[in-house]
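J.: Structure file start-v1.pdb (PDB, C-alpha atoms and all ligand atoms) is given on the next line.
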```
ATOM      1  CA  MET A  84       0.000   0.000   0.000  1.00  0.00           C
ATOM      2  CA  SER A  85       1.528   3.308  -1.040  1.00  0.00           C
ATOM      3  CA  ILE A  86       1.904   6.141   1.445  1.00  0.00           C
ATOM      4  CA  ASN A  87      -0.562   9.043   1.119  1.00  0.00           C
ATOM      5  CA  ILE A  88       0.140  11.698   3.772  1.00  0.00           C
ATOM      6  CA  GLY A  89       0.007  14.861   1.655  1.00  0.00           C
ATOM      7  CA  LEU A  90       3.731  14.988   0.856  1.00  0.00           C
ATOM      8  CA  SER A  91       5.101  14.244  -2.603  1.00  0.00           C
ATOM      9  CA  GLU A  92       7.736  11.582  -3.162  1.00  0.00           C
ATOM     10  CA  GLN A  93      10.247  14.358  -3.732  1.00  0.00           C
ATOM     11  CA  GLN A  94       9.289  16.171  -0.528  1.00  0.00           C
ATOM     12  CA  ARG A  95       9.563  13.002   1.532  1.00  0.00           C
ATOM     13  CA  GLN A  96      12.930  12.106  -0.003  1.00  0.00           C
ATOM     14  CA  GLY A  97      14.231  15.593   0.712  1.00  0.00           C
ATOM     15  CA  VAL A  98      13.214  15.335   4.343  1.00  0.00           C
ATOM     16  CA  VAL A  99      14.567  11.777   4.703  1.00  0.00           C
ATOM     17  CA  GLU A 100      17.927  12.963   3.409  1.00  0.00           C
ATOM     18  CA  LEU A 101      18.078  15.743   6.013  1.00  0.00           C
ATOM     19  CA  LEU A 102      16.990  13.381   8.794  1.00  0.00           C
ATOM     20  CA  ASN A 103      19.750  10.948   7.817  1.00  0.00           C
ATOM     21  CA  LYS A 104      22.313  13.742   8.141  1.00  0.00           C
ATOM     22  CA  VAL A 105      20.942  14.486  11.607  1.00  0.00           C
ATOM     23  CA  LEU A 106      21.174  10.770  12.422  1.00  0.00           C
ATOM     24  CA  ALA A 107      24.801  10.529  11.274  1.00  0.00           C
ATOM     25  CA  ASP A 108      25.911  13.479  13.419  1.00  0.00           C
ATOM     26  CA  ALA A 109      23.968  12.198  16.414  1.00  0.00           C
ATOM     27  CA  TYR A 110      25.698   8.808  16.170  1.00  0.00           C
ATOM     28  CA  LEU A 111      29.159  10.339  16.031  1.00  0.00           C
ATOM     29  CA  LEU A 112      28.334  12.642  18.922  1.00  0.00           C
ATOM     30  CA  LEU A 113      27.095   9.622  20.890  1.00  0.00           C
ATOM     31  CA  ILE A 114      30.410   7.838  20.309  1.00  0.00           C
ATOM     32  CA  LYS A 115      32.421  10.923  21.300  1.00  0.00           C
ATOM     33  CA  THR A 116      30.327  11.568  24.419  1.00  0.00           C
ATOM     34  CA  LYS A 117      30.680   7.950  25.558  1.00  0.00           C
ATOM     35  CA  LYS A 118      34.413   7.925  24.971  1.00  0.00           C
ATOM     36  CA  TYR A 119      34.875  11.050  27.099  1.00  0.00           C
ATOM     37  CA  HIS A 120      32.568   9.585  29.774  1.00  0.00           C
ATOM     38  CA  TRP A 121      35.037   6.687  29.954  1.00  0.00           C
ATOM     39  CA  ASP A 122      38.299   8.610  29.618  1.00  0.00           C
ATOM     40  CA  VAL A 123      37.782  11.748  31.721  1.00  0.00           C
ATOM     41  CA  VAL A 124      40.058  12.254  34.761  1.00  0.00           C
ATOM     42  CA  GLY A 125      40.610  15.131  37.184  1.00  0.00           C
ATOM     43  CA  PRO A 126      38.751  16.997  39.935  1.00  0.00           C
ATOM     44  CA  GLN A 127      35.584  17.223  37.801  1.00  0.00           C
ATOM     45  CA  PHE A 128      35.586  13.482  37.113  1.00  0.00           C
ATOM     46  CA  ARG A 129      32.351  12.586  38.833  1.00  0.00           C
ATOM     47  CA  THR A 130      30.393  15.578  37.520  1.00  0.00           C
ATOM     48  CA  LEU A 131      31.496  15.136  33.919  1.00  0.00           C
ATOM     49  CA  HIS A 132      31.289  11.333  34.025  1.00  0.00           C
ATOM     50  CA  GLU A 133      27.673  11.597  35.190  1.00  0.00           C
ATOM     51  CA  LEU A 134      26.723  14.521  32.931  1.00  0.00           C
ATOM     52  CA  TRP A 135      27.993  12.628  29.893  1.00  0.00           C
ATOM     53  CA  GLU A 136      26.079   9.543  30.928  1.00  0.00           C
ATOM     54  CA  GLU A 137      22.872  11.630  31.029  1.00  0.00           C
ATOM     55  CA  GLN A 138      23.723  13.158  27.668  1.00  0.00           C
ATOM     56  CA  TYR A 139      24.512   9.893  25.894  1.00  0.00           C
ATOM     57  CA  GLU A 140      21.269   8.436  27.191  1.00  0.00           C
ATOM     58  CA  ALA A 141      19.359  11.421  25.789  1.00  0.00           C
ATOM     59  CA  LEU A 142      21.268  11.112  22.496  1.00  0.00           C
ATOM     60  CA  THR A 143      20.397   7.402  22.292  1.00  0.00           C
ATOM     61  CA  THR A 144      16.697   8.183  22.727  1.00  0.00           C
ATOM     62  CA  ASN A 145      16.904  10.926  20.073  1.00  0.00           C
ATOM     63  CA  ILE A 146      18.750   8.692  17.606  1.00  0.00           C
ATOM     64  CA  ASP A 147      15.909   6.189  17.802  1.00  0.00           C
ATOM     65  CA  ALA A 148      13.321   8.953  17.315  1.00  0.00           C
ATOM     66  CA  VAL A 149      15.135  10.316  14.229  1.00  0.00           C
ATOM     67  CA  ALA A 150      15.461   6.856  12.643  1.00  0.00           C
ATOM     68  CA  GLU A 151      11.817   6.032  13.341  1.00  0.00           C
ATOM     69  CA  ARG A 152      10.688   9.372  11.876  1.00  0.00           C
ATOM     70  CA  VAL A 153      12.521   8.362   8.677  1.00  0.00           C
ATOM     71  CA  ARG A 154      10.470   5.156   8.654  1.00  0.00           C
ATOM     72  CA  ALA A 155       7.249   7.090   9.321  1.00  0.00           C
ATOM     73  CA  LEU A 156       8.010   8.986   6.104  1.00  0.00           C
ATOM     74  CA  ASN A 157       8.463   5.652   4.320  1.00  0.00           C
ATOM     75  CA  GLY A 158      12.249   6.069   4.061  1.00  0.00           C
ATOM     76  CA  TYR A 159      15.094   3.986   5.408  1.00  0.00           C
ATOM     77  CA  PRO A 160      17.519   5.266   8.040  1.00  0.00           C
ATOM     78  CA  LEU A 161      21.269   4.924   7.558  1.00  0.00           C
ATOM     79  CA  GLY A 162      22.568   2.112   9.710  1.00  0.00           C
ATOM     80  CA  THR A 163      26.239   1.448   9.041  1.00  0.00           C
ATOM     81  CA  ALA A 164      29.262   3.017  10.735  1.00  0.00           C
ATOM     82  CA  ASP A 165      30.638   3.810   7.278  1.00  0.00           C
ATOM     83  CA  SER A 166      27.517   5.708   6.197  1.00  0.00           C
ATOM     84  CA  PHE A 167      27.422   7.630   9.481  1.00  0.00           C
ATOM     85  CA  LEU A 168      31.036   8.724   8.990  1.00  0.00           C
ATOM     86  CA  LYS A 169      30.413   9.761   5.387  1.00  0.00           C
ATOM     87  CA  ASN A 170      27.310  11.819   6.192  1.00  0.00           C
ATOM     88  CA  ALA A 171      28.370  13.436   9.463  1.00  0.00           C
ATOM     89  CA  THR A 172      29.403  17.086   9.623  1.00  0.00           C
ATOM     90  CA  ILE A 173      31.214  16.802  12.976  1.00  0.00           C
ATOM     91  CA  LYS A 174      34.732  15.380  13.143  1.00  0.00           C
ATOM     92  CA  GLU A 175      36.325  12.628  15.182  1.00  0.00           C
ATOM     93  CA  HIS A 176      39.700  13.039  16.905  1.00  0.00           C
ATOM     94  CA  PRO A 177      41.184   9.563  16.745  1.00  0.00           C
ATOM     95  CA  GLY A 178      44.198   8.547  18.764  1.00  0.00           C
ATOM     96  CA  ASP A 179      44.488  11.334  21.332  1.00  0.00           C
ATOM     97  CA  LEU A 180      43.550  11.714  24.987  1.00  0.00           C
ATOM     98  CA  PRO A 181      42.611  15.344  25.733  1.00  0.00           C
ATOM     99  CA  ASN A 182      42.240  16.792  29.231  1.00  0.00           C
ATOM    100  CA  ALA A 183      38.763  17.344  30.691  1.00  0.00           C
ATOM    101  CA  ASN A 184      38.545  20.980  29.547  1.00  0.00           C
ATOM    102  CA  GLU A 185      39.488  20.134  25.988  1.00  0.00           C
ATOM    103  CA  MET A 186      36.894  17.333  25.967  1.00  0.00           C
ATOM    104  CA  VAL A 187      34.211  19.784  27.062  1.00  0.00           C
ATOM    105  CA  LYS A 188      35.295  22.349  24.442  1.00  0.00           C
ATOM    106  CA  ARG A 189      35.211  19.800  21.643  1.00  0.00           C
ATOM    107  CA  LEU A 190      31.726  18.659  22.588  1.00  0.00           C
ATOM    108  CA  VAL A 191      30.482  22.271  22.776  1.00  0.00           C
ATOM    109  CA  ILE A 192      31.816  22.807  19.243  1.00  0.00           C
ATOM    110  CA  ASP A 193      30.029  19.640  18.072  1.00  0.00           C
ATOM    111  CA  HIS A 194      26.713  20.533  19.709  1.00  0.00           C
ATOM    112  CA  GLU A 195      26.907  24.037  18.245  1.00  0.00           C
ATOM    113  CA  GLN A 196      27.601  22.674  14.752  1.00  0.00           C
ATOM    114  CA  ILE A 197      24.577  20.384  15.114  1.00  0.00           C
ATOM    115  CA  ILE A 198      22.439  23.290  16.380  1.00  0.00           C
ATOM    116  CA  ARG A 199      23.377  25.403  13.343  1.00  0.00           C
ATOM    117  CA  ASN A 200      22.556  22.509  11.006  1.00  0.00           C
ATOM    118  CA  LEU A 201      19.227  21.895  12.731  1.00  0.00           C
ATOM    119  CA  ARG A 202      18.298  25.587  12.580  1.00  0.00           C
ATOM    120  CA  GLU A 203      18.779  25.440   8.807  1.00  0.00           C
ATOM    121  CA  PHE A 204      16.888  22.138   8.492  1.00  0.00           C
ATOM    122  CA  VAL A 205      13.940  23.491  10.530  1.00  0.00           C
ATOM    123  CA  ASP A 206      13.444  26.199   7.880  1.00  0.00           C
ATOM    124  CA  GLN A 207      14.175  23.900   4.958  1.00  0.00           C
ATOM    125  CA  THR A 208      11.732  21.147   6.003  1.00  0.00           C
ATOM    126  CA  SER A 209       8.998  23.732   6.460  1.00  0.00           C
ATOM    127  CA  GLU A 210       9.643  26.104   3.547  1.00  0.00           C
ATOM    128  CA  GLU A 211      11.093  23.801   0.882  1.00  0.00           C
ATOM    129  CA  PHE A 212       9.393  20.490   1.729  1.00  0.00           C
ATOM    130  CA  HIS A 213       6.199  21.672   3.484  1.00  0.00           C
ATOM    131  CA  ASP A 214       6.692  19.095   6.231  1.00  0.00           C
ATOM    132  CA  GLU A 215       5.685  20.985   9.367  1.00  0.00           C
ATOM    133  CA  GLY A 216       5.735  17.770  11.422  1.00  0.00           C
ATOM    134  CA  THR A 217       9.445  17.197  10.825  1.00  0.00           C
ATOM    135  CA  SER A 218      10.146  20.913  11.193  1.00  0.00           C
ATOM    136  CA  ASP A 219       8.540  20.829  14.648  1.00  0.00           C
ATOM    137  CA  PHE A 220      10.376  17.610  15.536  1.00  0.00           C
ATOM    138  CA  LEU A 221      13.742  19.118  14.553  1.00  0.00           C
ATOM    139  CA  THR A 222      12.951  22.278  16.534  1.00  0.00           C
ATOM    140  CA  GLY A 223      12.554  20.164  19.677  1.00  0.00           C
ATOM    141  CA  LEU A 224      15.796  18.369  18.920  1.00  0.00           C
ATOM    142  CA  MET A 225      17.604  21.682  18.434  1.00  0.00           C
ATOM    143  CA  GLU A 226      16.357  22.906  21.813  1.00  0.00           C
ATOM    144  CA  GLU A 227      17.704  19.756  23.474  1.00  0.00           C
ATOM    145  CA  HIS A 228      21.137  20.324  21.931  1.00  0.00           C
ATOM    146  CA  GLU A 229      21.008  23.961  23.031  1.00  0.00           C
ATOM    147  CA  GLU A 230      20.444  22.803  26.600  1.00  0.00           C
ATOM    148  CA  MET A 231      23.212  20.194  26.436  1.00  0.00           C
ATOM    149  CA  ALA A 232      25.613  22.760  24.942  1.00  0.00           C
ATOM    150  CA  TRP A 233      24.737  25.250  27.694  1.00  0.00           C
ATOM    151  CA  MET A 234      25.521  22.679  30.416  1.00  0.00           C
ATOM    152  CA  LEU A 235      28.915  21.985  28.839  1.00  0.00           C
ATOM    153  CA  ARG A 236      29.664  25.643  28.104  1.00  0.00           C
ATOM    154  CA  SER A 237      29.013  26.481  31.769  1.00  0.00           C
ATOM    155  CA  PHE A 238      32.097  24.478  32.744  1.00  0.00           C
ATOM    156  CA  ILE A 239      34.409  26.559  30.605  1.00  0.00           C
ATOM    157  CA  GLU A 240      32.661  29.856  31.381  1.00  0.00           C
ATOM    158  CA  GLY A 241      32.860  29.096  35.117  1.00  0.00           C
ATOM    159  CA  GLU A 242      36.630  29.012  34.805  1.00  0.00           C
ATOM    160  CA  ALA A 243      36.746  32.311  32.953  1.00  0.00           C
ATOM    161  CA  LEU A 244      34.589  33.901  35.675  1.00  0.00           C
ATOM    162  CA  GLU A 245      36.833  32.603  38.437  1.00  0.00           C
ATOM    163  CA  GLY A 246      39.780  34.086  36.579  1.00  0.00           C
ATOM    164  CA  SER A 247      38.150  37.483  36.214  1.00  0.00           C
ATOM    165  CA  GLY A 248      37.099  37.396  39.903  1.00  0.00           C
ATOM    166  CA  GLN A 249      40.729  36.879  40.762  1.00  0.00           C
ATOM    167  CA  ARG A 250      41.708  39.823  38.562  1.00  0.00           C
ATOM    168  CA  ASP A 251      39.100  42.005  40.309  1.00  0.00           C
ATOM    169  CA  LYS A 252      40.627  41.164  43.700  1.00  0.00           C
ATOM    170  CA  GLU A 253      44.065  42.065  42.384  1.00  0.00           C
ATOM    171  CA  LEU A 254      42.795  45.387  41.067  1.00  0.00           C
ATOM    172  CA  VAL A 255      41.176  46.188  44.436  1.00  0.00           C
ATOM    173  CA  SER A 256      44.335  45.324  46.408  1.00  0.00           C
ATOM    174  CA  LYS A 257      46.447  47.605  44.187  1.00  0.00           C
ATOM    175  CA  LYS A 258      44.305  50.653  44.996  1.00  0.00           C
TER     176      LYS A 258
HETATM  177 FE    FE B   1      29.080   4.280  32.065  1.00  0.00          FE
END
```
Take the structure in the file and give it back as structure tokens.
Ligand SMILES: [Fe+2]
T.:
Amino acid sequence: MSINIGLSEQQRQGVVELLNKVLADAYLLLIKTKKYHWDVVGPQFRTLHELWEEQYEALTTNIDAVAERVRALNGYPLGTADSFLKNATIKEHPGDLPNANEMVKRLVIDHEQIIRNLREFVDQTSEEFHDEGTSDFLTGLMEEHEEMAWMLRSFIEGEALEGSGQRDKELVSKK
């Protein structure tokens, strides 16, 4: 039985292609988040170890939702490591072991790249493909990445604030 949900074949294919890009990035980000959850050391170990566990669980749930949305549009999700690597826009950093701060920075960069992609896809799915359902779905996903990025960014910004607080004290003592 052929699908008849008010979207043309071309519209559905366009949306499926975008969703598969989202899926590929999400899978790579899941791998990177898990690896840092395992590798992280230092005074923030417990906080970051637990935060990344929460985040990779959320990413796992989202990955399933993206793949199943592809099926709901009668498409097929990517499902090989090779295809994820080829379609992802974020990059892996094989063979190195960064410190906790660098791990956080890299993941902020990845989340922000994904947020920028999603912002574009939200408009494209609505304006070019007239698929408001997917546009709404991707908006929710973007908001989740914005929240995850904020939590990670707060680590790095907290350090900058401590530094500037220290500078303020120095300025006061010189007066
Ligand atoms: Fe674990």
J.: Spell out the residues picked by the PyMOL selection byres (((not hetatm)) within 10 of (chain B and resi 1)) here, as a CSV table (one decimal) with C-alpha atoms, in the coordinates of the input.
T.:
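Result file follows (result.csv):
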```
chain,number,residue,atom,x,y,z
A,117,LYS,CA,30.7,8.0,25.6
A,118,LYS,CA,34.4,7.9,25.0
A,120,HIS,CA,32.6,9.6,29.8
A,121,TRP,CA,35.0,6.7,30.0
A,132,HIS,CA,31.3,11.3,34.0
A,133,GLU,CA,27.7,11.6,35.2
A,135,TRP,CA,28.0,12.6,29.9
A,136,GLU,CA,26.1,9.5,30.9
A,137,GLU,CA,22.9,11.6,31.0
A,139,TYR,CA,24.5,9.9,25.9
```
J.: Quick one: which residues end up in the PyMOL selection byres (((chain A and resi 169) around 12) and not hetatm) for this structure, as a compact mmCIF listing (two decimals) with C-alpha atoms, in the frame of the given file?
T.:
```txt
# COMPACT_ATOMS: atom_id res chain seq x y z
CA ASN A 103 19.75 10.95 7.82
CA LYS A 104 22.31 13.74 8.14
CA LEU A 106 21.17 10.77 12.42
CA ALA A 107 24.80 10.53 11.27
CA ASP A 108 25.91 13.48 13.42
CA TYR A 110 25.70 8.81 16.17
CA LEU A 111 29.16 10.34 16.03
CA LEU A 161 21.27 4.92 7.56
CA GLY A 162 22.57 2.11 9.71
CA THR A 163 26.24 1.45 9.04
CA ALA A 164 29.26 3.02 10.74
CA ASP A 165 30.64 3.81 7.28
CA SER A 166 27.52 5.71 6.20
CA PHE A 167 27.42 7.63 9.48
CA LEU A 168 31.04 8.72 8.99
CA ASN A 170 27.31 11.82 6.19
CA ALA A 171 28.37 13.44 9.46
CA THR A 172 29.40 17.09 9.62
CA ILE A 173 31.21 16.80 12.98
CA LYS A 174 34.73 15.38 13.14
CA GLU A 175 36.33 12.63 15.18
```
J.: Pick out the closest residue to Ile239 of chain A from this set: A:Asp179, A:Asp122, A:Glu227, A:Glu185. Count only C-alpha atoms.
T.: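 Result for the nearest residue to Ile239 of chain A: A:Glu185.
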J.: What is the distance between atom CA of Asp214 of chain A and atom CA of Glu100 of chain A, in Å to one decimal?
T.: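 Interatomic distance, atom CA of Asp214 of chain A to atom CA of Glu100 of chain A: 13.1 Å.
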J.: Just want the 9 Å neighbourhood of Glu211 of chain A, counted on all atoms listed in the file, with same-chain residues fewer than 4 positions away dropped. Output as a PyMOL selection string.
T.: chain A and resi 94+97+206-207
J.: Near Val123 of chain A, within 8 Å and counting all atoms listed in the file, which residues show up once chain neighbours fewer than 5 positions away are dropped, as a PyMOL selection string?
T.: chain A and resi 128+131-132+182-183
J.: If you measure from atom CA of Arg95 of chain A to atom CA of Glu226 of chain A, what distance in Å do you get, rounded to one decimal?
T.: 23.6 Å
J.: Please compute the atom CA of Leu112 of chain A-atom CA of Ile198 of chain A distance, one decimal, in Å.
T.: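 For atom CA of Leu112 of chain A relative to atom CA of Ile198 of chain A, the distance reads 12.4 Å.
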J.: For this file, the PyMOL selection byres (((chain A and resi 191) around 10) and not hetatm) selects which residues, as a VMD selection string?
T.: chain A and resid 185 to 190 192 to 197 228 to 229 231 to 236 239
J.: I need the residue nearest His176 of chain A from this list: A:Phe212, A:Tyr119, A:Phe238, A:Tyr159. Use all atoms listed in the file for the distance.
T.: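 Of A:Phe212, A:Tyr119, A:Phe238, A:Tyr159, the one nearest His176 of chain A is A:Tyr119, counting all atoms listed in the file.
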J.: Find the residues near Phe220 of chain A: any atom within 10 Å, counting all atoms listed in the file, skip ones fewer than 2 places away on the same chain, and give them as JSON, numbers by chain.
T.: {"A": [148, 149, 152, 205, 215, 216, 217, 218, 222, 223, 224, 225]}
J.: Using all atoms listed in the file, which of the listed residues (A:Arg129, A:Ser85, A:Phe204, A:Leu102) sits closest to Ile146 of chain A?
T.: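 Ranking A:Arg129, A:Ser85, A:Phe204, A:Leu102 by distance to Ile146 of chain A, first place goes to A:Leu102.
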J.: Of the residues A:Met84, A:Ala155, A:Ile114, A:Val99, which is the one nearest to Pro177 of chain A, using all atoms listed in the file?
T.: A:Ile114
J.: Grab all the atoms of segment 118-128 of chain A that the file lists, wrap them in a box along x, y and z, add 6 Å per side, and give me centre plus edge lengths in Å (one decimal) as JSON.
T.:
```
{"center_x": 36.6, "center_y": 12.0, "center_z": 32.5, "size_x": 20.0, "size_y": 22.5, "size_z": 27.0}
```
